[in-house]
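In what follows, a single structure is set out as structure tokens and then discussed.
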Amino acid sequence: MPRFKTSKEVYDSCVKDTCYKTQNEVDIVKIKHKVALSSADLDFARPQMPKLPKDSLQWSTVYKLHYDAFHQVCEAFIQFDRVKSEKHQCLFAYIIEKHPELDFDWAFLEKIRTARNGIQYYGTPSSYQEWNDIELQINLYINTLRKVIDEKIKNTK
């Protein structure tokens with residue numbers, strides 16, 4: 001079993017491997033587009049959830065859509081730092097290391113990332129219970145980032 005790496009270890013490795021690319025400018029149009037894509041994923045998933053039986057494989061889709069929505073707002077958020085990350089793990093490590101004010105939990109980010117990778121790449125479905133275990137926290141993180149992004153957009157005008 002692989003050893004759990006800290007956010008600092010992952011961040012340092014990502015810096016060494018040049019996974020962070022510096023952007024020339026803060027592209028507000030692109031940021032707004034990413035936030036809109038995030039909202040679209042959630043707007044699609046949320047109305048379906050009350051209809052799903054607890055034993056449905058579609059909980060994997062709900063999980064992935066929420067993960068994708070979170071990933072989009074993370075990417076939008078770090079664009080204010082003029083940074084783009086080439087890997088999801090590097091993106092999350094960047095946010096943990098460079099934005100401790102968000103108070104995000106590294107273990108949670110690794111949990112959702114590895115679960116999403118299991119669904120996406122290894123055919124490991126997510127259950128209703130797995131979704132239920134992360135629902136509150138992932139929605140809190142998405143909402144937190146959206147509020148911060150909205151404030152940053154207001155302040156750049």
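Starting from 1 in every chain, residues are counted up; chains themselves are A, B, ... following the order of the structure tokens, and ligands are numbered from 1 as listed.
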Residues within 12 Å of Leu140 of chain A, please, as an MDAnalysis selection string. Count only C-alpha atoms; anything in the same chain fewer than 4 positions from it doesn't count.
chainID A and resid 66 70 102:105 134:136 144:147
Kindly save the residues from that selection, with N, CA and C atoms included, as a PDB file, in the first residue's frame.
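Result saved to part_9.pdb:
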ATOM      1  N   HIS A  66     -20.055  16.148  -8.597  1.00  0.00           N
ATOM      2  CA  HIS A  66     -19.703  17.054  -7.498  1.00  0.00           C
ATOM      3  C   HIS A  66     -18.177  17.248  -7.418  1.00  0.00           C
ATOM      4  N   PHE A  70     -16.235  20.772  -7.878  1.00  0.00           N
ATOM      5  CA  PHE A  70     -15.228  21.252  -6.933  1.00  0.00           C
ATOM      6  C   PHE A  70     -13.905  21.529  -7.645  1.00  0.00           C
ATOM      7  N   LEU A 102      -8.322  29.049   3.984  1.00  0.00           N
ATOM      8  CA  LEU A 102      -9.518  28.300   3.592  1.00  0.00           C
ATOM      9  C   LEU A 102      -9.832  27.170   4.577  1.00  0.00           C
ATOM     10  N   ASP A 103      -8.807  26.732   5.287  1.00  0.00           N
ATOM     11  CA  ASP A 103      -8.965  25.681   6.293  1.00  0.00           C
ATOM     12  C   ASP A 103      -9.530  24.393   5.699  1.00  0.00           C
ATOM     13  N   PHE A 104      -9.044  24.016   4.511  1.00  0.00           N
ATOM     14  CA  PHE A 104      -9.455  22.777   3.879  1.00  0.00           C
ATOM     15  C   PHE A 104      -8.643  21.625   4.466  1.00  0.00           C
ATOM     16  N   ASP A 105      -9.235  20.456   4.456  1.00  0.00           N
ATOM     17  CA  ASP A 105      -8.634  19.263   5.033  1.00  0.00           C
ATOM     18  C   ASP A 105      -7.972  18.421   3.936  1.00  0.00           C
ATOM     19  N   ILE A 134     -19.486  12.337   2.148  1.00  0.00           N
ATOM     20  CA  ILE A 134     -18.745  13.527   1.704  1.00  0.00           C
ATOM     21  C   ILE A 134     -19.646  14.696   1.331  1.00  0.00           C
ATOM     22  N   GLU A 135     -20.944  14.468   1.227  1.00  0.00           N
ATOM     23  CA  GLU A 135     -21.860  15.479   0.679  1.00  0.00           C
ATOM     24  C   GLU A 135     -21.749  16.836   1.375  1.00  0.00           C
ATOM     25  N   LEU A 136     -21.842  16.853   2.665  1.00  0.00           N
ATOM     26  CA  LEU A 136     -21.824  18.119   3.397  1.00  0.00           C
ATOM     27  C   LEU A 136     -20.507  18.867   3.186  1.00  0.00           C
ATOM     28  N   THR A 144     -17.704  27.736  -0.334  1.00  0.00           N
ATOM     29  CA  THR A 144     -16.643  28.602   0.183  1.00  0.00           C
ATOM     30  C   THR A 144     -15.846  29.204  -0.967  1.00  0.00           C
ATOM     31  N   LEU A 145     -15.416  28.360  -1.891  1.00  0.00           N
ATOM     32  CA  LEU A 145     -14.621  28.859  -3.016  1.00  0.00           C
ATOM     33  C   LEU A 145     -15.432  29.787  -3.912  1.00  0.00           C
ATOM     34  N   ARG A 146     -16.683  29.475  -4.133  1.00  0.00           N
ATOM     35  CA  ARG A 146     -17.510  30.338  -4.981  1.00  0.00           C
ATOM     36  C   ARG A 146     -17.662  31.726  -4.366  1.00  0.00           C
ATOM     37  N   LYS A 147     -17.835  31.788  -3.062  1.00  0.00           N
ATOM     38  CA  LYS A 147     -17.950  33.092  -2.385  1.00  0.00           C
ATOM     39  C   LYS A 147     -16.642  33.885  -2.507  1.00  0.00           C
TER      40      LYS A 147
END
What's around Tyr20 of chain A at 6 Å? Count only C-alpha atoms, leave out sequence neighbours fewer than 2 positions away in its own chain, and write the answer as a PyMOL selection string.
chain A and resi 18+84-85
Atom CA of Tyr63 of chain A to atom CA of Ile78 of chain A, straight-line distance in Å:
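Atom-to-atom, atom CA of Ile78 of chain A to atom CA of Tyr63 of chain A, that is 22.7 Å.
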For Asp41 of chain A, which residue out of A:Gln72, A:Asn24, A:Asn117, A:Ser60 is the nearest one, using only C-alpha atoms?
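So, comparing all the options, the nearest one is A:Gln72.
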So which residues touch Gln48 of chain A within 12 Å, counting only C-alpha atoms, skipping near sequence neighbours fewer than 6 positions away, as a PyMOL selection string?
chain A and resi 41-42+56+58-59+61-62+65
I'd like to know which residues of segment 70-140 of chain A are alpha helix (DSSP H) (by DSSP, run on the backbone); could you write them as a PyMOL selection string?
chain A and resi 70-79+88-98+106-122+128-140
If we count only C-alpha atoms and set the cut-off at 10 Å, which residues sit around Val26 of chain A, ignoring sequence neighbours fewer than 2 positions away in its own chain? Please answer as a VMD selection string.
chain A and resid 23 to 24 28 to 31 76 78 to 83 156
